[in-house]
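S.K.: The structure under discussion is supplied below as structure tokens; questions concerning it will follow.
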Amino acid sequence: MTEGILALLAVIPLAIIFILMVSLRWPATKAMPVALAVTLVLVLFVWKTPLTWVLASGLNGLVIMLKIMLIVFGALTLLFTLKESGALGIINQGFSTISYDRRVQTIIIAWLFGGFIEGAAGFGVPVALVAPLLLSLGFPALASVMVALIANTTPVSFGTAGTPTVIGIGSTLNTSEVFKTLSENGMDFSGFISQIGKWTAILHTIPGILMPLIMVVVLTRFFGEKRSIREGLEIWPYAIFAGLCFVVPYLAVALLLGPEFPSLLGGLIGLFILVPLTKAGFLKPKQVWDFPVKEKWEGNWSGSISFPDIPPKGKLSIVKAWTPYAFIGILLVLSRVSFLPVNSWIKSVKIELSHLFGTTVTTYFDPLNNSGVMPCMLIALLCIPFFNMNNKQVTLAWSAALKRIKGPFMALFFAIPMVQIMIISGTNDNGFLSMPVSMAQYMANIFRSAWPLVDAFVGALGAFMSGSNTVSNMLFSLLQYSVADNRGISHMIVVSLQNGGGSLGNMINIQKIITGC
């Protein structure tokens with residue numbers, strides 16, 4: 001079988017996802033099972049990978065899916081716990097008193113607070129939280145979703161305590177061939193992933209500094225009474241400073257601590273810097289910009305329902321309302337920094353299954369090292385006595401989180417095993433390369449040394465199709481690594497471009513848009 005035909009067959013599952021989700025508007029819960037079924041047919045009957053290897057890689061995919069779902073569930077549990085306790089209402093109230101300028105509110109809430117939430121939770125939670133928060137402040141529904149999506153770019157590569165980088169790339173490149181190459185170059189695997197994180201942060205630096213300005217310019221152009229770009233540009237000193245408030249700690253953390261904390265600490269530190277300075281009037285625009293009166297809003301600006309206010313419950317202070325998020329940041333740092341004893345302790349609690357179905361495939365589950373369990377669920381439980389919540393409030397919070405994870409669970413249940421099976425397809429007696437490597441080799445021969453020009457678009461396409469930068473990295477990291485190997489260019493930079501491109505595709509992916517809507 002020729003190289004071109006093999007590459008064409010390998011791309012069929014991805015093409016099916018694109019056709020079903022984009023052209024036919026199928027939800028991921030229906031499109032992913034079809035794509036998995038086609039992948040199984042190709043792997044078993046074209047690549048002729050042994051069934052035991054397919055089962056082993058599928059089981060490994062389900063374990064990875066479980067890790068991701070725990071992260072999502074933990075983040076949602078905390079979010080709804082704060083809502084039921086009244087803390088979210090206090091946070092909302094606090095945002096509205098910082099400034100009445102909608103451009104300033106957009107930057108603080110969508111860019112910095114959204115960036116922090118992406119670092120702590122990810123997987124659509126920032127859009128799901130930021131858009132209603134803006135809506136409750138009086139933003140048009142369409143504008144709320146738009147700025148929430150634009151802001152959800154730079155932080156995404158390190159969302160959910162670095163999941164797209166640590167799990168998305170790490171689980172995919174965790175192969176004997178990669179280990180061998182790294183060993184020959186005197187580098188261990190964790191150091192390699194850390195370097196990818198550093199280059200990803202560097203690539204995000206300039207776009208990240210400009211992103212708040214881009215966001216407000218689009219806001220004033222499409223939702224201002226004058227439809228003016230100039231009204232957005234008027235705030236450029238404040239917007240650029242806000243970009244620096246996030247990007248400087250973001251980059252420093254990526255370089256010094258690793259890929260798990262840049263977005264979380266970048267957003268948190270940025271908030272601590274920008275909010276007090278804004279209250280003090282630093283670089284604050286002289287003229288307050290607002291939307292036109294509601295009577296002048298276009299018909300498609302508003303949704304079919306109004307978002308109810310989140311009324312403060314009880315007498316909570318703003319400091320007490322923010323305390324759970326502060327402890328999330330503290331616990332994530334204490335538990336993830338490798339030179340502290342807590343890190344080795346939580347990693348020691350591990351269930352490992354090796355030689356699945358008689359193969360060399362190994363999978364493991366380390367619950368305490370999962371940010372959904374620790375700190376999110378832990379903090380959610382501690383919030384019960386901290387906010388003096390009753391049984392009804394707790395039940396509402398946890399049941400709401402369970403309802404919200406049904407859709408992501410069904411999509412990821414099929415998507416993650418599909419990715420792992422595609423990766424393992426290279427284990428066969430035909431001498432065929434695995435599906436991602438087949439695509440990589442063929443594409444590398446087409447683009448040759450121009451590959452860096454299309455690299456990030458591959459990552460963006462993966463996130464656009466799958467709804468996740470993590471899944472995009474799982475789909476294409478090995479492809480990108482193989483292209484770099486084939487062309488003799490830097491593995492780290494090529495995979496970093498994939499990671500950065502995935503974060504941009506995340507802004508326009510269908511699942512995030514639906515979540516915001």
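Residue numbers start at 1 in each chain; chains themselves are named A, B, ... in the order of the structure tokens; ligands are numbered from 1 in the order shown.
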Excluding A:Ile328 and its own-chain neighbours fewer than 2 positions away, which residues fall within 12 Å of it when counting only C-alpha atoms? Please give them as a count of residues only.

M.R.: 38

S.K.: Hey, could you make a per-residue contact list for stretch 266-346 of chain A against stretch 203-217 of chain A with 12 Å as the cut-off, showing the nearest pair of atoms and its distance in Å to one decimal, counting only C-alpha atoms, sorted by chain and number, as JSON lines?

M.R.:
{"residue": "A:Gly266", "atom": "CA", "partner": "A:Gly208", "partner_atom": "CA", "distance": 11.1}
{"residue": "A:Gly267", "atom": "CA", "partner": "A:Gly208", "partner_atom": "CA", "distance": 11.9}
{"residue": "A:Trp289", "atom": "CA", "partner": "A:Val216", "partner_atom": "CA", "distance": 10.7}
{"residue": "A:Asp290", "atom": "CA", "partner": "A:Val216", "partner_atom": "CA", "distance": 11.8}

S.K.: Please save C-alpha atoms of the selected residues as a tab-separated table (two decimals), in the first residue's frame.

M.R.:
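File produced: selection.tsv:
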chain	number	residue	atom	x	y	z
A	266	GLY	CA	-0.88	34.39	35.82
A	267	GLY	CA	-4.59	35.14	36.26
A	289	TRP	CA	-17.78	53.51	27.78
A	290	ASP	CA	-21.09	51.64	27.87

S.K.: Which residue, A:Ile109, A:Ala400, A:Ile513, A:Leu129, has the smallest gap to A:Gly270 when you use only C-alpha atoms?

M.R.: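 Once distances to A:Gly270 are computed over only C-alpha atoms, the minimum belongs to A:Ile109.
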
S.K.: Would you pick out the contacts of A:Leu475 at 12 Å or less, using only C-alpha atoms, so that residues sharing its chain but fewer than 6 positions from it are not included, and give the list as a PDB file with N, CA, C and O atoms, in the first residue's frame?

M.R.:
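The resulting file, around27.pdb, is shown below:
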ATOM      1  N   ALA A  10      -5.773   7.028   7.030  1.00  0.00           N
ATOM      2  CA  ALA A  10      -5.563   7.448   8.424  1.00  0.00           C
ATOM      3  C   ALA A  10      -6.360   8.701   8.768  1.00  0.00           C
ATOM      4  O   ALA A  10      -6.771   8.888   9.921  1.00  0.00           O
ATOM      5  N   VAL A  11      -6.588   9.556   7.778  1.00  0.00           N
ATOM      6  CA  VAL A  11      -7.275  10.815   8.045  1.00  0.00           C
ATOM      7  C   VAL A  11      -8.795  10.653   8.039  1.00  0.00           C
ATOM      8  O   VAL A  11      -9.519  11.570   8.459  1.00  0.00           O
ATOM      9  N   PRO A  13     -11.055   8.998   9.977  1.00  0.00           N
ATOM     10  CA  PRO A  13     -11.792   9.279  11.213  1.00  0.00           C
ATOM     11  C   PRO A  13     -11.879  10.764  11.542  1.00  0.00           C
ATOM     12  O   PRO A  13     -12.917  11.250  12.021  1.00  0.00           O
ATOM     13  N   LEU A  14     -10.790  11.514  11.275  1.00  0.00           N
ATOM     14  CA  LEU A  14     -10.800  12.957  11.544  1.00  0.00           C
ATOM     15  C   LEU A  14     -11.729  13.679  10.573  1.00  0.00           C
ATOM     16  O   LEU A  14     -12.453  14.607  10.953  1.00  0.00           O
ATOM     17  N   PRO A 164      -3.627  20.208  29.092  1.00  0.00           N
ATOM     18  CA  PRO A 164      -3.302  20.051  27.670  1.00  0.00           C
ATOM     19  C   PRO A 164      -1.837  19.703  27.422  1.00  0.00           C
ATOM     20  O   PRO A 164      -1.525  18.951  26.501  1.00  0.00           O
ATOM     21  N   GLY A 168      -2.268  15.937  27.723  1.00  0.00           N
ATOM     22  CA  GLY A 168      -2.513  15.911  26.289  1.00  0.00           C
ATOM     23  C   GLY A 168      -1.272  15.542  25.494  1.00  0.00           C
ATOM     24  O   GLY A 168      -1.308  14.667  24.624  1.00  0.00           O
ATOM     25  N   ILE A 169      -0.169  16.200  25.792  1.00  0.00           N
ATOM     26  CA  ILE A 169       1.095  15.896  25.108  1.00  0.00           C
ATOM     27  C   ILE A 169       1.813  14.744  25.797  1.00  0.00           C
ATOM     28  O   ILE A 169       2.312  13.829  25.154  1.00  0.00           O
ATOM     29  N   GLY A 170       1.858  14.799  27.137  1.00  0.00           N
ATOM     30  CA  GLY A 170       2.616  13.803  27.901  1.00  0.00           C
ATOM     31  C   GLY A 170       2.157  12.380  27.675  1.00  0.00           C
ATOM     32  O   GLY A 170       2.970  11.476  27.477  1.00  0.00           O
ATOM     33  N   SER A 171       0.834  12.141  27.677  1.00  0.00           N
ATOM     34  CA  SER A 171       0.335  10.777  27.509  1.00  0.00           C
ATOM     35  C   SER A 171       0.537  10.267  26.080  1.00  0.00           C
ATOM     36  O   SER A 171       0.659   9.065  25.860  1.00  0.00           O
ATOM     37  N   THR A 172       0.584  11.182  25.110  1.00  0.00           N
ATOM     38  CA  THR A 172       0.735  10.790  23.715  1.00  0.00           C
ATOM     39  C   THR A 172       2.189  10.477  23.351  1.00  0.00           C
ATOM     40  O   THR A 172       2.466   9.543  22.604  1.00  0.00           O
ATOM     41  N   LEU A 173       3.103  11.261  23.870  1.00  0.00           N
ATOM     42  CA  LEU A 173       4.525  11.065  23.557  1.00  0.00           C
ATOM     43  C   LEU A 173       5.202  10.091  24.510  1.00  0.00           C
ATOM     44  O   LEU A 173       6.416   9.888  24.434  1.00  0.00           O
ATOM     45  N   ALA A 415     -13.914   9.580  22.423  1.00  0.00           N
ATOM     46  CA  ALA A 415     -12.823  10.327  21.792  1.00  0.00           C
ATOM     47  C   ALA A 415     -11.447   9.884  22.285  1.00  0.00           C
ATOM     48  O   ALA A 415     -10.534   9.670  21.474  1.00  0.00           O
ATOM     49  N   ILE A 416     -11.284   9.739  23.598  1.00  0.00           N
ATOM     50  CA  ILE A 416      -9.952   9.433  24.131  1.00  0.00           C
ATOM     51  C   ILE A 416      -9.489   8.023  23.747  1.00  0.00           C
ATOM     52  O   ILE A 416      -8.361   7.855  23.278  1.00  0.00           O
ATOM     53  N   PRO A 417     -10.316   6.966  23.906  1.00  0.00           N
ATOM     54  CA  PRO A 417      -9.888   5.652  23.412  1.00  0.00           C
ATOM     55  C   PRO A 417      -9.580   5.664  21.913  1.00  0.00           C
ATOM     56  O   PRO A 417      -8.650   4.984  21.469  1.00  0.00           O
ATOM     57  N   MET A 418     -10.365   6.428  21.125  1.00  0.00           N
ATOM     58  CA  MET A 418     -10.099   6.498  19.692  1.00  0.00           C
ATOM     59  C   MET A 418      -8.685   7.011  19.423  1.00  0.00           C
ATOM     60  O   MET A 418      -7.945   6.454  18.593  1.00  0.00           O
ATOM     61  N   VAL A 419      -8.303   8.063  20.137  1.00  0.00           N
ATOM     62  CA  VAL A 419      -6.965   8.636  19.970  1.00  0.00           C
ATOM     63  C   VAL A 419      -5.894   7.615  20.338  1.00  0.00           C
ATOM     64  O   VAL A 419      -4.901   7.431  19.616  1.00  0.00           O
ATOM     65  N   GLN A 420      -6.079   6.937  21.466  1.00  0.00           N
ATOM     66  CA  GLN A 420      -5.085   5.960  21.921  1.00  0.00           C
ATOM     67  C   GLN A 420      -4.980   4.778  20.943  1.00  0.00           C
ATOM     68  O   GLN A 420      -3.889   4.252  20.698  1.00  0.00           O
ATOM     69  N   ILE A 421      -6.097   4.358  20.372  1.00  0.00           N
ATOM     70  CA  ILE A 421      -6.088   3.254  19.400  1.00  0.00           C
ATOM     71  C   ILE A 421      -5.376   3.683  18.114  1.00  0.00           C
ATOM     72  O   ILE A 421      -4.627   2.900  17.517  1.00  0.00           O
ATOM     73  N   MET A 422      -5.600   4.934  17.679  1.00  0.00           N
ATOM     74  CA  MET A 422      -4.898   5.444  16.503  1.00  0.00           C
ATOM     75  C   MET A 422      -3.388   5.433  16.728  1.00  0.00           C
ATOM     76  O   MET A 422      -2.609   5.099  15.832  1.00  0.00           O
ATOM     77  N   ILE A 423      -2.991   5.793  17.939  1.00  0.00           N
ATOM     78  CA  ILE A 423      -1.562   5.859  18.257  1.00  0.00           C
ATOM     79  C   ILE A 423      -0.935   4.468  18.258  1.00  0.00           C
ATOM     80  O   ILE A 423       0.177   4.271  17.763  1.00  0.00           O
ATOM     81  N   ILE A 424      -1.666   3.472  18.787  1.00  0.00           N
ATOM     82  CA  ILE A 424      -1.110   2.119  18.935  1.00  0.00           C
ATOM     83  C   ILE A 424      -1.172   1.323  17.635  1.00  0.00           C
ATOM     84  O   ILE A 424      -0.627   0.207  17.550  1.00  0.00           O
ATOM     85  N   SER A 434       2.059   3.905  12.394  1.00  0.00           N
ATOM     86  CA  SER A 434       0.790   4.212  13.053  1.00  0.00           C
ATOM     87  C   SER A 434       0.047   5.290  12.273  1.00  0.00           C
ATOM     88  O   SER A 434       0.641   6.008  11.446  1.00  0.00           O
ATOM     89  N   MET A 435      -1.230   5.445  12.536  1.00  0.00           N
ATOM     90  CA  MET A 435      -2.052   6.390  11.778  1.00  0.00           C
ATOM     91  C   MET A 435      -1.534   7.835  11.865  1.00  0.00           C
ATOM     92  O   MET A 435      -1.385   8.495  10.836  1.00  0.00           O
ATOM     93  N   PRO A 436      -1.233   8.363  13.078  1.00  0.00           N
ATOM     94  CA  PRO A 436      -0.696   9.731  13.130  1.00  0.00           C
ATOM     95  C   PRO A 436       0.640   9.869  12.402  1.00  0.00           C
ATOM     96  O   PRO A 436       0.874  10.870  11.719  1.00  0.00           O
ATOM     97  N   VAL A 437       1.523   8.865  12.555  1.00  0.00           N
ATOM     98  CA  VAL A 437       2.835   8.951  11.919  1.00  0.00           C
ATOM     99  C   VAL A 437       2.705   8.839  10.398  1.00  0.00           C
ATOM    100  O   VAL A 437       3.447   9.483   9.644  1.00  0.00           O
ATOM    101  N   MET A 439       0.191   9.994   8.602  1.00  0.00           N
ATOM    102  CA  MET A 439      -0.211  11.330   8.165  1.00  0.00           C
ATOM    103  C   MET A 439       0.969  12.292   8.217  1.00  0.00           C
ATOM    104  O   MET A 439       1.186  13.100   7.308  1.00  0.00           O
ATOM    105  N   ALA A 440       1.762  12.182   9.286  1.00  0.00           N
ATOM    106  CA  ALA A 440       2.893  13.084   9.478  1.00  0.00           C
ATOM    107  C   ALA A 440       3.915  12.940   8.371  1.00  0.00           C
ATOM    108  O   ALA A 440       4.392  13.936   7.811  1.00  0.00           O
ATOM    109  N   VAL A 458      -2.574  22.980  12.330  1.00  0.00           N
ATOM    110  CA  VAL A 458      -2.945  21.592  12.611  1.00  0.00           C
ATOM    111  C   VAL A 458      -3.501  21.496  14.033  1.00  0.00           C
ATOM    112  O   VAL A 458      -4.535  20.867  14.276  1.00  0.00           O
ATOM    113  N   GLY A 459      -2.815  22.140  14.987  1.00  0.00           N
ATOM    114  CA  GLY A 459      -3.301  22.163  16.366  1.00  0.00           C
ATOM    115  C   GLY A 459      -4.651  22.843  16.484  1.00  0.00           C
ATOM    116  O   GLY A 459      -5.540  22.378  17.209  1.00  0.00           O
ATOM    117  N   ALA A 460      -4.822  23.949  15.749  1.00  0.00           N
ATOM    118  CA  ALA A 460      -6.099  24.674  15.777  1.00  0.00           C
ATOM    119  C   ALA A 460      -7.224  23.832  15.198  1.00  0.00           C
ATOM    120  O   ALA A 460      -8.342  23.812  15.726  1.00  0.00           O
ATOM    121  N   LEU A 461      -6.933  23.122  14.116  1.00  0.00           N
ATOM    122  CA  LEU A 461      -7.937  22.254  13.491  1.00  0.00           C
ATOM    123  C   LEU A 461      -8.366  21.152  14.457  1.00  0.00           C
ATOM    124  O   LEU A 461      -9.556  20.844  14.581  1.00  0.00           O
ATOM    125  N   GLY A 462      -7.392  20.582  15.170  1.00  0.00           N
ATOM    126  CA  GLY A 462      -7.707  19.520  16.132  1.00  0.00           C
ATOM    127  C   GLY A 462      -8.614  20.002  17.244  1.00  0.00           C
ATOM    128  O   GLY A 462      -9.572  19.321  17.623  1.00  0.00           O
ATOM    129  N   ALA A 463      -8.333  21.192  17.776  1.00  0.00           N
ATOM    130  CA  ALA A 463      -9.167  21.747  18.848  1.00  0.00           C
ATOM    131  C   ALA A 463     -10.538  22.150  18.330  1.00  0.00           C
ATOM    132  O   ALA A 463     -11.555  21.976  19.003  1.00  0.00           O
ATOM    133  N   MET A 465     -12.175  20.747  15.890  1.00  0.00           N
ATOM    134  CA  MET A 465     -12.963  19.536  15.631  1.00  0.00           C
ATOM    135  C   MET A 465     -13.367  18.842  16.920  1.00  0.00           C
ATOM    136  O   MET A 465     -14.517  18.425  17.089  1.00  0.00           O
ATOM    137  N   SER A 466     -12.412  18.691  17.829  1.00  0.00           N
ATOM    138  CA  SER A 466     -12.653  17.854  19.005  1.00  0.00           C
ATOM    139  C   SER A 466     -13.246  18.614  20.180  1.00  0.00           C
ATOM    140  O   SER A 466     -13.798  18.004  21.097  1.00  0.00           O
ATOM    141  N   SER A 468     -11.427  20.475  22.259  1.00  0.00           N
ATOM    142  CA  SER A 468     -10.493  20.483  23.386  1.00  0.00           C
ATOM    143  C   SER A 468      -9.059  20.573  22.897  1.00  0.00           C
ATOM    144  O   SER A 468      -8.659  19.836  21.988  1.00  0.00           O
ATOM    145  N   ASN A 469      -8.278  21.478  23.499  1.00  0.00           N
ATOM    146  CA  ASN A 469      -6.849  21.529  23.209  1.00  0.00           C
ATOM    147  C   ASN A 469      -6.162  20.253  23.681  1.00  0.00           C
ATOM    148  O   ASN A 469      -5.217  19.771  23.057  1.00  0.00           O
ATOM    149  N   TYR A 481       5.668  15.482  16.463  1.00  0.00           N
ATOM    150  CA  TYR A 481       6.983  14.985  16.875  1.00  0.00           C
ATOM    151  C   TYR A 481       7.636  14.218  15.726  1.00  0.00           C
ATOM    152  O   TYR A 481       8.841  14.361  15.461  1.00  0.00           O
ATOM    153  N   VAL A 495       6.299  20.773  18.623  1.00  0.00           N
ATOM    154  CA  VAL A 495       5.188  20.356  19.494  1.00  0.00           C
ATOM    155  C   VAL A 495       4.605  21.560  20.223  1.00  0.00           C
ATOM    156  O   VAL A 495       3.398  21.634  20.473  1.00  0.00           O
ATOM    157  N   GLN A 498       2.141  23.234  18.015  1.00  0.00           N
ATOM    158  CA  GLN A 498       0.903  22.453  18.074  1.00  0.00           C
ATOM    159  C   GLN A 498       0.080  22.853  19.299  1.00  0.00           C
ATOM    160  O   GLN A 498      -1.129  23.077  19.206  1.00  0.00           O
ATOM    161  N   ASN A 499       0.738  22.958  20.434  1.00  0.00           N
ATOM    162  CA  ASN A 499       0.068  23.309  21.691  1.00  0.00           C
ATOM    163  C   ASN A 499      -0.531  24.708  21.629  1.00  0.00           C
ATOM    164  O   ASN A 499      -1.672  24.933  22.046  1.00  0.00           O
ATOM    165  N   GLY A 502      -3.525  24.818  19.200  1.00  0.00           N
ATOM    166  CA  GLY A 502      -4.712  24.225  19.813  1.00  0.00           C
ATOM    167  C   GLY A 502      -5.461  25.202  20.690  1.00  0.00           C
ATOM    168  O   GLY A 502      -6.697  25.191  20.756  1.00  0.00           O
TER     169      GLY A 502
END

S.K.: Name the residues of stretch 184-259 of chain A that fall into helix (DSSP H, G or I) according to DSSP on the backbone, using the chain letters and numbers of this document, as an MDAnalysis selection string.

M.R.: chainID A and resid 184 189:223 230:233 236:256

S.K.: From the list A:Gly303, A:Gly258, A:Pro155, A:Gly232, which residue is nearest A:Trp199 when using only C-alpha atoms?

M.R.: A:Gly258

S.K.: As an exercise, work out the distance from atom CA of A:Ile351 to atom CA of A:Asn60 in Å and give it to one decimal place.

M.R.: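 Atom-to-atom, atom CA of A:Ile351 to atom CA of A:Asn60, that is 12.7 Å.
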
S.K.: Hey, can you check how far atom CA of A:Thr81 sits from atom CA of A:Ala397?

M.R.: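 Calculated distance between atom CA of A:Thr81 and atom CA of A:Ala397 is 5.0 Å.
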
S.K.: One decimal, in Å: what's the spacing between atom CA of A:Val394 and atom CA of A:Gly86?

M.R.: 12.1 Å

S.K.: Do a neighbour search on stretch 41-44 of chain A at 12 Å with only C-alpha atoms, toss out local chain neighbours closer than 3 positions, and write the hits as a PyMOL selection string.

M.R.: chain A and resi 6-13+34-38+47-55+57+418-430+432-435

S.K.: My list of candidates is A:Lys294, A:Lys286, A:Arg102, A:Lys198. Which is closest to A:Leu219 when distances are computed with only C-alpha atoms?

M.R.: A:Arg102

S.K.: Which one of A:Glu177, A:Glu3, A:Asp101, A:Glu84 sits closest to A:Val288 if you count only C-alpha atoms?

M.R.: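 Of the candidates, the smallest distance to A:Val288 is held by A:Asp101.
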
S.K.: Skip A:Glu298 itself and residues of its chain fewer than 2 positions away, then list as a ChimeraX atom specification all residues within 12 Å of it, counting only C-alpha atoms.

M.R.: /A:140-143,222-225,291-296,300-303

S.K.: Keeping only N, CA and C atoms, write the selected residues as a short mmCIF file (atom, residue, chain, number, x, y, z; two decimals), in the first residue's frame.

M.R.:
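Dumped everything to selection_34.cif:
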data_model
loop_
_atom_site.label_atom_id
_atom_site.label_comp_id
_atom_site.auth_asym_id
_atom_site.auth_seq_id
_atom_site.Cartn_x
_atom_site.Cartn_y
_atom_site.Cartn_z
N PRO A 140 -24.87 42.52 26.78
CA PRO A 140 -25.69 41.72 25.86
C PRO A 140 -25.20 40.27 25.87
N ALA A 141 -26.12 39.33 25.70
CA ALA A 141 -25.75 37.91 25.74
C ALA A 141 -24.69 37.57 24.69
N LEU A 142 -24.87 38.08 23.47
CA LEU A 142 -23.93 37.78 22.39
C LEU A 142 -22.54 38.32 22.69
N ALA A 143 -22.48 39.53 23.24
CA ALA A 143 -21.19 40.13 23.60
C ALA A 143 -20.53 39.34 24.74
N PHE A 222 -18.40 46.07 17.40
CA PHE A 222 -19.65 45.38 17.09
C PHE A 222 -20.78 45.64 18.07
N PHE A 223 -20.47 46.18 19.25
CA PHE A 223 -21.52 46.36 20.26
C PHE A 223 -21.60 47.78 20.81
N GLY A 224 -20.81 48.68 20.26
CA GLY A 224 -20.90 50.08 20.68
C GLY A 224 -21.93 50.84 19.87
N GLU A 225 -22.41 51.91 20.41
CA GLU A 225 -23.42 52.71 19.71
C GLU A 225 -22.84 53.28 18.41
N PHE A 291 -22.61 50.22 26.67
CA PHE A 291 -23.43 49.80 25.54
C PHE A 291 -24.55 50.81 25.33
N PRO A 292 -25.14 50.86 24.15
CA PRO A 292 -26.31 51.72 23.96
C PRO A 292 -27.46 51.24 24.85
N VAL A 293 -28.45 52.06 25.01
CA VAL A 293 -29.60 51.67 25.82
C VAL A 293 -30.25 50.44 25.20
N LYS A 294 -30.88 49.61 26.00
CA LYS A 294 -31.39 48.32 25.52
C LYS A 294 -32.38 48.45 24.37
N GLU A 295 -33.07 49.58 24.31
CA GLU A 295 -34.03 49.76 23.23
C GLU A 295 -33.35 49.80 21.86
N LYS A 296 -32.05 50.12 21.83
CA LYS A 296 -31.30 50.21 20.58
C LYS A 296 -30.51 48.93 20.26
N ASN A 300 -30.46 40.14 17.69
CA ASN A 300 -29.66 38.94 18.00
C ASN A 300 -28.67 39.15 19.13
N TRP A 301 -28.67 40.31 19.75
CA TRP A 301 -27.75 40.55 20.87
C TRP A 301 -28.20 39.82 22.14
N SER A 302 -29.50 39.63 22.28
CA SER A 302 -30.03 39.05 23.52
C SER A 302 -30.44 37.60 23.31
N GLY A 303 -30.32 36.81 24.37
CA GLY A 303 -30.76 35.43 24.32
C GLY A 303 -32.25 35.33 24.54
#

S.K.: What's around A:Phe282 at 12 Å? Count only C-alpha atoms, leave out sequence neighbours fewer than 2 positions away in its own chain, and write the answer as a VMD selection string.

M.R.: chain A and resid 99 104 235 237 to 239 241 to 242 273 to 280 284 to 286

S.K.: Just N, CA, C and O atoms for this one: save the residues we selected as a compact mmCIF listing (two decimals), in the first residue's frame.

M.R.:
# COMPACT_ATOMS: atom_id res chain seq x y z
N SER A 99 -15.21 49.17 38.40
CA SER A 99 -15.34 50.19 37.36
C SER A 99 -16.66 49.98 36.64
O SER A 99 -17.10 48.85 36.45
N VAL A 104 -13.24 47.96 30.82
CA VAL A 104 -12.46 47.57 32.00
C VAL A 104 -13.04 46.29 32.60
O VAL A 104 -12.30 45.37 32.96
N ILE A 235 -8.36 52.82 25.00
CA ILE A 235 -7.99 52.23 26.28
C ILE A 235 -6.68 51.43 26.16
O ILE A 235 -6.34 50.65 27.05
N PRO A 237 -3.43 51.89 26.66
CA PRO A 237 -2.44 51.76 27.75
C PRO A 237 -2.91 50.80 28.84
O PRO A 237 -2.12 49.97 29.33
N TYR A 238 -4.19 50.88 29.20
CA TYR A 238 -4.74 49.99 30.22
C TYR A 238 -4.76 48.55 29.73
O TYR A 238 -4.41 47.62 30.46
N ALA A 239 -5.17 48.37 28.46
CA ALA A 239 -5.28 47.01 27.90
C ALA A 239 -3.91 46.33 27.80
O ALA A 239 -3.75 45.16 28.14
N PHE A 241 -1.26 47.07 29.56
CA PHE A 241 -0.80 46.81 30.94
C PHE A 241 -1.48 45.56 31.50
O PHE A 241 -0.84 44.74 32.18
N ALA A 242 -2.77 45.40 31.20
CA ALA A 242 -3.50 44.19 31.65
C ALA A 242 -2.91 42.94 31.01
O ALA A 242 -2.80 41.89 31.66
N ILE A 273 -2.72 42.49 41.00
CA ILE A 273 -2.02 43.71 40.57
C ILE A 273 -3.01 44.72 40.00
O ILE A 273 -3.02 45.89 40.38
N LEU A 274 -3.86 44.26 39.07
CA LEU A 274 -4.68 45.19 38.29
C LEU A 274 -5.87 45.75 39.06
O LEU A 274 -6.19 46.94 38.92
N VAL A 275 -6.55 44.92 39.86
CA VAL A 275 -7.76 45.39 40.53
C VAL A 275 -7.48 46.56 41.48
O VAL A 275 -8.16 47.60 41.39
N PRO A 276 -6.50 46.48 42.40
CA PRO A 276 -6.23 47.64 43.27
C PRO A 276 -5.79 48.88 42.49
O PRO A 276 -6.18 50.00 42.83
N LEU A 277 -4.97 48.67 41.44
CA LEU A 277 -4.51 49.81 40.65
C LEU A 277 -5.68 50.45 39.89
O LEU A 277 -5.73 51.68 39.73
N THR A 278 -6.63 49.63 39.43
CA THR A 278 -7.81 50.17 38.74
C THR A 278 -8.66 50.99 39.71
O THR A 278 -9.14 52.08 39.37
N LYS A 279 -8.84 50.47 40.91
CA LYS A 279 -9.59 51.22 41.93
C LYS A 279 -8.92 52.55 42.25
O LYS A 279 -9.58 53.54 42.56
N ALA A 280 -7.57 52.56 42.17
CA ALA A 280 -6.82 53.79 42.45
C ALA A 280 -6.78 54.73 41.25
O ALA A 280 -6.24 55.84 41.35
N LYS A 284 -6.76 54.31 34.13
CA LYS A 284 -8.20 54.14 33.93
C LYS A 284 -8.69 55.18 32.92
O LYS A 284 -8.31 56.35 32.99
N PRO A 285 -9.50 54.78 31.94
CA PRO A 285 -9.97 55.74 30.94
C PRO A 285 -10.80 56.86 31.57
O PRO A 285 -11.55 56.63 32.53
N LYS A 286 -10.62 58.06 31.03
CA LYS A 286 -11.32 59.22 31.59
C LYS A 286 -12.82 59.17 31.31
O LYS A 286 -13.64 59.56 32.14
